[in-house]
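Below is one structure, written out as structure tokens, with a few remarks after it.
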Amino acid sequence: MTARAQFLDDRPPARIATVDVAGVTLVADLSGALFWEEQRLLVVSDLHLEKGSSFATRGVLLPPYDTMATLGRLGAVIARHDPRMVIALGDSFHDRHAHDRLSAPNRDIIAAFQLRRDWIWIAGNHDPALPSDLGGVVASEVAIGPIAFRHEPTGASGEIAGHLHPKARVSTRGRSMERRCFASDGERAIMPAFGAYAGGLSIRDAAFAKIFQTPGFMAHVLGDRRLHTIAASRCY
């Protein structure tokens, strides 16, 4: 597929899209989550819950609905895949005190997500010290089989990380469009940010070149109906 991918079309959805990492094939959900079917493991990254309230404390007023929107999308993808385990890859909360600003209803939603499944919060640079009363387990990173789950990418083989919020700009129908994307070269992957208010970093930024060290890595771009796999070198 070329960089002139048709993101808005009437064709039926394609078959389930996948991303390969170190010999493991994961389902790439259009929400920006990954699902490892063999392990019944769902992975999301960079929820940035309570980003709106964080900005409000600094006098920047945004609609205060980002946490509810993000949790709504998370609930939908959990219902879709019914995982046995969920790993949140760090920066689940936008700042060190964001969890204190969670409303009681939103705390109840998170608790409901955790029922009858294992839940792991990976510590991120925005939320390095998560409290125990959120439920689940807090870890710096987790290794399952050949895959290591961590917040900040190191470039190691078998790594699935977040932190960089990859996005790709492509040309479609004569205009440019930016979309969140997975970045992967088959040995490692960086996940898109899941949070409603989370920003993005161009996949052409030097930060990605340091991780992949080859121009041959791919952008798996989140379209409206399907995942579009495009060489990162063809994005701009």
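Lettering and numbering for the structure tokens are positional, with chains as A, B, ... in the shown order, residues counted from 1 in each chain, and ligands counted from 1 in the shown order.
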Excluding Asp20 (chain A) and any residue of its chain fewer than 4 positions from it, enumerate the residues within 9 Å of it, using only C-alpha atoms, and give them as an MDAnalysis selection string.
-> chainID A and resid 24:27 184:189
Include N, CA, C and O atoms and write out the residues we just selected as an mmCIF file, in the first residue's frame.
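Okay, this is what ended up in result.cif:
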```cif
data_model
loop_
_atom_site.group_PDB
_atom_site.id
_atom_site.type_symbol
_atom_site.label_atom_id
_atom_site.label_comp_id
_atom_site.auth_asym_id
_atom_site.auth_seq_id
_atom_site.Cartn_x
_atom_site.Cartn_y
_atom_site.Cartn_z
ATOM 1 N N VAL A 24 6.275 -13.422 17.583
ATOM 2 C CA VAL A 24 4.936 -13.447 18.169
ATOM 3 C C VAL A 24 4.013 -12.579 17.309
ATOM 4 O O VAL A 24 4.358 -11.439 16.972
ATOM 5 N N THR A 25 2.864 -13.119 16.953
ATOM 6 C CA THR A 25 1.880 -12.385 16.175
ATOM 7 C C THR A 25 0.794 -11.864 17.101
ATOM 8 O O THR A 25 0.170 -12.630 17.835
ATOM 9 N N LEU A 26 0.577 -10.554 17.061
ATOM 10 C CA LEU A 26 -0.413 -9.912 17.913
ATOM 11 C C LEU A 26 -1.482 -9.251 17.050
ATOM 12 O O LEU A 26 -1.176 -8.703 15.991
ATOM 13 N N VAL A 27 -2.714 -9.315 17.509
ATOM 14 C CA VAL A 27 -3.807 -8.631 16.830
ATOM 15 C C VAL A 27 -3.689 -7.138 17.113
ATOM 16 O O VAL A 27 -3.562 -6.719 18.271
ATOM 17 N N SER A 184 6.845 -0.625 13.934
ATOM 18 C CA SER A 184 7.438 -1.943 14.154
ATOM 19 C C SER A 184 8.337 -2.327 12.990
ATOM 20 O O SER A 184 8.082 -1.959 11.839
ATOM 21 N N ASP A 185 9.375 -3.102 13.316
ATOM 22 C CA ASP A 185 10.229 -3.665 12.280
ATOM 23 C C ASP A 185 10.240 -5.188 12.350
ATOM 24 O O ASP A 185 11.093 -5.841 11.760
ATOM 25 N N GLY A 186 9.297 -5.778 13.073
ATOM 26 C CA GLY A 186 9.227 -7.224 13.212
ATOM 27 C C GLY A 186 9.963 -7.762 14.420
ATOM 28 O O GLY A 186 9.689 -8.876 14.868
ATOM 29 N N GLU A 187 10.877 -6.976 14.973
ATOM 30 C CA GLU A 187 11.624 -7.397 16.155
ATOM 31 C C GLU A 187 11.228 -6.619 17.399
ATOM 32 O O GLU A 187 11.431 -7.073 18.523
ATOM 33 N N ARG A 188 10.680 -5.430 17.218
ATOM 34 C CA ARG A 188 10.282 -4.565 18.325
ATOM 35 C C ARG A 188 9.131 -3.694 17.849
ATOM 36 O O ARG A 188 8.929 -3.541 16.642
ATOM 37 N N ALA A 189 8.370 -3.163 18.794
ATOM 38 C CA ALA A 189 7.237 -2.322 18.406
ATOM 39 C C ALA A 189 7.038 -1.213 19.426
ATOM 40 O O ALA A 189 7.289 -1.403 20.626
#
```
Please give the complete set of residues from region 130-235 of chain A that DSSP, run on the backbone, assigns to strand (DSSP E), formatted as a PyMOL selection string.
chain A and resi 137-139+141-144+147-150+159-161+166-172+175-184+189-190+201-202+218-222+227-231
### Residue neighbourhood Arg204 (chain A), 8 Å, only C-alpha atoms, exclusion window fewer than 4 positions, as a list in words
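Skipping anything fewer than 4 positions along the chain leaves Ala168, Phe208, Ala209, Ala232, Ser233, Cys235 and Tyr236 of chain A.
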*asked:* Using only C-alpha atoms, which protein or nucleic acid residues come within 7 Å of Asp127 (chain A)? Drop anything in the same chain fewer than 2 positions from it, and give the result as a list in words.
replied: Asp91, Phe93, His94, Asp95, Arg96, Ala123, Gly124, Asn125, Ala129 and Leu130 of chain A
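Closest to Leu34 (chain A) among A:Met191, A:Ala69, A:Ala79, A:Ala156 is A:Met191, based on only C-alpha atoms.
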Which residues come within 12 Å of Ile78 (chain A), counting only C-alpha atoms, excluding same-chain residues fewer than 3 positions away, as a PDB file with N, CA, C and O atoms, in the first residue's frame?
```pdb
ATOM      1  N   ASP A  29      -5.583  -3.909  17.247  1.00  0.00           N
ATOM      2  CA  ASP A  29      -6.939  -3.378  17.307  1.00  0.00           C
ATOM      3  C   ASP A  29      -6.929  -1.927  16.839  1.00  0.00           C
ATOM      4  O   ASP A  29      -5.996  -1.173  17.133  1.00  0.00           O
ATOM      5  N   SER A  31      -8.384   0.464  17.933  1.00  0.00           N
ATOM      6  CA  SER A  31      -8.371   1.398  19.067  1.00  0.00           C
ATOM      7  C   SER A  31      -6.960   1.841  19.413  1.00  0.00           C
ATOM      8  O   SER A  31      -6.769   2.841  20.102  1.00  0.00           O
ATOM      9  N   ALA A  33      -4.823  -0.714  20.668  1.00  0.00           N
ATOM     10  CA  ALA A  33      -4.399  -1.770  21.590  1.00  0.00           C
ATOM     11  C   ALA A  33      -3.817  -2.939  20.807  1.00  0.00           C
ATOM     12  O   ALA A  33      -4.047  -3.086  19.598  1.00  0.00           O
ATOM     13  N   LEU A  34      -3.053  -3.782  21.498  1.00  0.00           N
ATOM     14  CA  LEU A  34      -2.570  -5.048  20.945  1.00  0.00           C
ATOM     15  C   LEU A  34      -3.155  -6.186  21.773  1.00  0.00           C
ATOM     16  O   LEU A  34      -3.275  -6.078  22.995  1.00  0.00           O
ATOM     17  N   PHE A  35      -3.487  -7.298  21.098  1.00  0.00           N
ATOM     18  CA  PHE A  35      -4.015  -8.466  21.789  1.00  0.00           C
ATOM     19  C   PHE A  35      -3.219  -9.694  21.382  1.00  0.00           C
ATOM     20  O   PHE A  35      -3.120 -10.022  20.209  1.00  0.00           O
ATOM     21  N   ARG A  40      -4.040 -14.524  25.864  1.00  0.00           N
ATOM     22  CA  ARG A  40      -5.246 -13.736  26.206  1.00  0.00           C
ATOM     23  C   ARG A  40      -4.838 -12.460  26.941  1.00  0.00           C
ATOM     24  O   ARG A  40      -5.379 -12.102  27.969  1.00  0.00           O
ATOM     25  N   LEU A  41      -3.889 -11.780  26.345  1.00  0.00           N
ATOM     26  CA  LEU A  41      -3.267 -10.609  26.943  1.00  0.00           C
ATOM     27  C   LEU A  41      -3.566  -9.373  26.099  1.00  0.00           C
ATOM     28  O   LEU A  41      -3.273  -9.345  24.897  1.00  0.00           O
ATOM     29  N   LEU A  42      -4.131  -8.358  26.728  1.00  0.00           N
ATOM     30  CA  LEU A  42      -4.398  -7.082  26.075  1.00  0.00           C
ATOM     31  C   LEU A  42      -3.397  -6.049  26.563  1.00  0.00           C
ATOM     32  O   LEU A  42      -3.139  -5.950  27.761  1.00  0.00           O
ATOM     33  N   VAL A  43      -2.842  -5.276  25.635  1.00  0.00           N
ATOM     34  CA  VAL A  43      -1.842  -4.256  25.974  1.00  0.00           C
ATOM     35  C   VAL A  43      -2.324  -2.902  25.454  1.00  0.00           C
ATOM     36  O   VAL A  43      -2.720  -2.778  24.292  1.00  0.00           O
ATOM     37  N   VAL A  44      -2.282  -1.906  26.326  1.00  0.00           N
ATOM     38  CA  VAL A  44      -2.568  -0.518  25.939  1.00  0.00           C
ATOM     39  C   VAL A  44      -1.444   0.350  26.487  1.00  0.00           C
ATOM     40  O   VAL A  44      -0.731  -0.045  27.406  1.00  0.00           O
ATOM     41  N   LEU A  71     -11.659   5.783  29.113  1.00  0.00           N
ATOM     42  CA  LEU A  71     -12.161   4.568  29.765  1.00  0.00           C
ATOM     43  C   LEU A  71     -13.278   3.925  28.944  1.00  0.00           C
ATOM     44  O   LEU A  71     -13.402   2.689  28.924  1.00  0.00           O
ATOM     45  N   GLY A  72     -14.066   4.725  28.260  1.00  0.00           N
ATOM     46  CA  GLY A  72     -15.096   4.162  27.395  1.00  0.00           C
ATOM     47  C   GLY A  72     -14.496   3.342  26.271  1.00  0.00           C
ATOM     48  O   GLY A  72     -14.960   2.227  25.970  1.00  0.00           O
ATOM     49  N   ARG A  73     -13.441   3.858  25.645  1.00  0.00           N
ATOM     50  CA  ARG A  73     -12.759   3.123  24.575  1.00  0.00           C
ATOM     51  C   ARG A  73     -12.075   1.878  25.130  1.00  0.00           C
ATOM     52  O   ARG A  73     -12.073   0.827  24.492  1.00  0.00           O
ATOM     53  N   LEU A  74     -11.508   2.007  26.326  1.00  0.00           N
ATOM     54  CA  LEU A  74     -10.842   0.863  26.938  1.00  0.00           C
ATOM     55  C   LEU A  74     -11.860  -0.231  27.262  1.00  0.00           C
ATOM     56  O   LEU A  74     -11.603  -1.421  27.044  1.00  0.00           O
ATOM     57  N   GLY A  75     -13.007   0.174  27.777  1.00  0.00           N
ATOM     58  CA  GLY A  75     -14.044  -0.809  28.067  1.00  0.00           C
ATOM     59  C   GLY A  75     -14.507  -1.541  26.822  1.00  0.00           C
ATOM     60  O   GLY A  75     -14.764  -2.754  26.855  1.00  0.00           O
ATOM     61  N   HIS A  81     -12.285  -8.327  23.283  1.00  0.00           N
ATOM     62  CA  HIS A  81     -11.292  -9.406  23.330  1.00  0.00           C
ATOM     63  C   HIS A  81     -11.369 -10.271  24.584  1.00  0.00           C
ATOM     64  O   HIS A  81     -10.779 -11.350  24.601  1.00  0.00           O
ATOM     65  N   ASP A  82     -12.050  -9.811  25.625  1.00  0.00           N
ATOM     66  CA  ASP A  82     -12.191 -10.546  26.885  1.00  0.00           C
ATOM     67  C   ASP A  82     -10.842 -11.102  27.368  1.00  0.00           C
ATOM     68  O   ASP A  82     -10.654 -12.311  27.501  1.00  0.00           O
ATOM     69  N   PRO A  83      -9.873 -10.229  27.643  1.00  0.00           N
ATOM     70  CA  PRO A  83      -8.540 -10.698  28.014  1.00  0.00           C
ATOM     71  C   PRO A  83      -8.497 -11.312  29.410  1.00  0.00           C
ATOM     72  O   PRO A  83      -9.309 -10.979  30.278  1.00  0.00           O
ATOM     73  N   ARG A  84      -7.540 -12.206  29.586  1.00  0.00           N
ATOM     74  CA  ARG A  84      -7.262 -12.757  30.919  1.00  0.00           C
ATOM     75  C   ARG A  84      -6.356 -11.814  31.698  1.00  0.00           C
ATOM     76  O   ARG A  84      -6.382 -11.774  32.926  1.00  0.00           O
ATOM     77  N   MET A  85      -5.549 -11.048  30.958  1.00  0.00           N
ATOM     78  CA  MET A  85      -4.614 -10.104  31.570  1.00  0.00           C
ATOM     79  C   MET A  85      -4.601  -8.820  30.771  1.00  0.00           C
ATOM     80  O   MET A  85      -4.716  -8.843  29.545  1.00  0.00           O
ATOM     81  N   VAL A  86      -4.457  -7.693  31.459  1.00  0.00           N
ATOM     82  CA  VAL A  86      -4.296  -6.391  30.819  1.00  0.00           C
ATOM     83  C   VAL A  86      -3.000  -5.770  31.327  1.00  0.00           C
ATOM     84  O   VAL A  86      -2.743  -5.760  32.543  1.00  0.00           O
ATOM     85  N   ILE A  87      -2.179  -5.291  30.414  1.00  0.00           N
ATOM     86  CA  ILE A  87      -0.973  -4.540  30.772  1.00  0.00           C
ATOM     87  C   ILE A  87      -1.123  -3.121  30.236  1.00  0.00           C
ATOM     88  O   ILE A  87      -1.363  -2.916  29.044  1.00  0.00           O
ATOM     89  N   ILE A 110     -12.737   1.419  36.580  1.00  0.00           N
ATOM     90  CA  ILE A 110     -11.450   0.720  36.535  1.00  0.00           C
ATOM     91  C   ILE A 110     -11.511  -0.570  37.352  1.00  0.00           C
ATOM     92  O   ILE A 110     -11.016  -1.622  36.927  1.00  0.00           O
ATOM     93  N   ALA A 112     -14.104  -2.380  37.894  1.00  0.00           N
ATOM     94  CA  ALA A 112     -14.907  -3.348  37.144  1.00  0.00           C
ATOM     95  C   ALA A 112     -14.090  -3.986  36.026  1.00  0.00           C
ATOM     96  O   ALA A 112     -14.225  -5.193  35.761  1.00  0.00           O
ATOM     97  N   PHE A 113     -13.235  -3.202  35.371  1.00  0.00           N
ATOM     98  CA  PHE A 113     -12.355  -3.761  34.342  1.00  0.00           C
ATOM     99  C   PHE A 113     -11.458  -4.856  34.921  1.00  0.00           C
ATOM    100  O   PHE A 113     -11.107  -5.820  34.235  1.00  0.00           O
ATOM    101  N   GLN A 114     -11.040  -4.693  36.164  1.00  0.00           N
ATOM    102  CA  GLN A 114     -10.064  -5.593  36.768  1.00  0.00           C
ATOM    103  C   GLN A 114     -10.672  -6.890  37.305  1.00  0.00           C
ATOM    104  O   GLN A 114      -9.933  -7.820  37.631  1.00  0.00           O
ATOM    105  N   LEU A 115     -11.991  -6.956  37.383  1.00  0.00           N
ATOM    106  CA  LEU A 115     -12.632  -8.148  37.928  1.00  0.00           C
ATOM    107  C   LEU A 115     -12.304  -9.381  37.095  1.00  0.00           C
ATOM    108  O   LEU A 115     -12.388  -9.370  35.864  1.00  0.00           O
ATOM    109  N   ARG A 117      -9.645 -10.752  36.188  1.00  0.00           N
ATOM    110  CA  ARG A 117      -8.492 -10.753  35.286  1.00  0.00           C
ATOM    111  C   ARG A 117      -7.292 -10.124  35.994  1.00  0.00           C
ATOM    112  O   ARG A 117      -7.445  -9.336  36.927  1.00  0.00           O
ATOM    113  N   TRP A 119      -4.187  -7.603  36.207  1.00  0.00           N
ATOM    114  CA  TRP A 119      -4.006  -6.232  35.700  1.00  0.00           C
ATOM    115  C   TRP A 119      -2.643  -5.732  36.154  1.00  0.00           C
ATOM    116  O   TRP A 119      -2.321  -5.777  37.326  1.00  0.00           O
TER     117      TRP A 119
END
```
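Counting only C-alpha atoms, the residue from A:His220, A:Lys167, A:Arg179, A:His151 that sits nearest to Ser202 (chain A) is A:Lys167.
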- Query: Which of these, A:Phe217, A:Trp121, A:Tyr197, A:Trp36, has the shortest distance to Pro64 (chain A) once you count only C-alpha atoms?
  - Reply: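 Checking each of A:Phe217, A:Trp121, A:Tyr197, A:Trp36 against Pro64 (chain A), counting only C-alpha atoms, the winner is A:Tyr197.
Each of A:Asp118, A:Asp205, A:Glu50, A:Asp66 was checked against Arg101 (chain A) using only C-alpha atoms; the smallest atom-to-atom distance is that of A:Glu50.
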Close residues, Phe149 (chain A) itself excluded, 8 Å, only C-alpha atoms, min 5 positions apart in chain, as a list in words
Leu89, Glu141, Val142, Ala143, Glu159, Ile160 and Ala161 of chain A
Write a file of the just-selected residues containing all heavy atoms, as a compact mmCIF listing (two decimals), in the first residue's frame.
```
# COMPACT_ATOMS: atom_id res chain seq x y z
N LEU A 89 0.95 0.13 29.62
CA LEU A 89 2.39 0.34 29.44
C LEU A 89 2.90 1.71 29.91
O LEU A 89 3.70 2.34 29.23
CB LEU A 89 2.78 0.18 27.97
CG LEU A 89 2.92 -1.23 27.41
CD1 LEU A 89 3.42 -1.16 25.99
CD2 LEU A 89 3.86 -2.06 28.25
N GLU A 141 8.66 -3.29 34.50
CA GLU A 141 8.52 -3.95 33.21
C GLU A 141 8.12 -5.40 33.44
O GLU A 141 8.22 -5.90 34.56
CB GLU A 141 9.80 -3.88 32.36
CG GLU A 141 11.01 -4.53 32.97
CD GLU A 141 12.23 -4.37 32.06
OE1 GLU A 141 12.68 -3.23 31.85
OE2 GLU A 141 12.71 -5.41 31.57
N VAL A 142 7.65 -6.05 32.40
CA VAL A 142 7.18 -7.43 32.51
C VAL A 142 7.69 -8.20 31.30
O VAL A 142 7.61 -7.71 30.16
CB VAL A 142 5.64 -7.50 32.55
CG1 VAL A 142 5.15 -8.94 32.50
CG2 VAL A 142 5.10 -6.82 33.81
N ALA A 143 8.21 -9.41 31.52
CA ALA A 143 8.64 -10.28 30.43
C ALA A 143 7.74 -11.51 30.39
O ALA A 143 7.52 -12.17 31.41
CB ALA A 143 10.09 -10.71 30.63
N GLU A 159 10.94 -6.24 22.25
CA GLU A 159 10.40 -5.19 23.11
C GLU A 159 9.09 -4.63 22.54
O GLU A 159 8.97 -4.38 21.34
CB GLU A 159 11.43 -4.07 23.20
CG GLU A 159 11.00 -2.82 23.92
CD GLU A 159 12.13 -1.80 23.92
OE1 GLU A 159 12.31 -1.10 22.89
OE2 GLU A 159 12.85 -1.74 24.93
N ILE A 160 8.11 -4.45 23.42
CA ILE A 160 6.92 -3.68 23.12
C ILE A 160 6.85 -2.54 24.14
O ILE A 160 6.82 -2.79 25.35
CB ILE A 160 5.64 -4.54 23.17
CG1 ILE A 160 5.69 -5.62 22.08
CG2 ILE A 160 4.40 -3.66 23.00
CD1 ILE A 160 4.48 -6.54 22.08
N ALA A 161 6.87 -1.32 23.65
CA ALA A 161 6.96 -0.16 24.52
C ALA A 161 6.00 0.93 24.05
O ALA A 161 5.32 0.80 23.03
CB ALA A 161 8.40 0.38 24.54
```
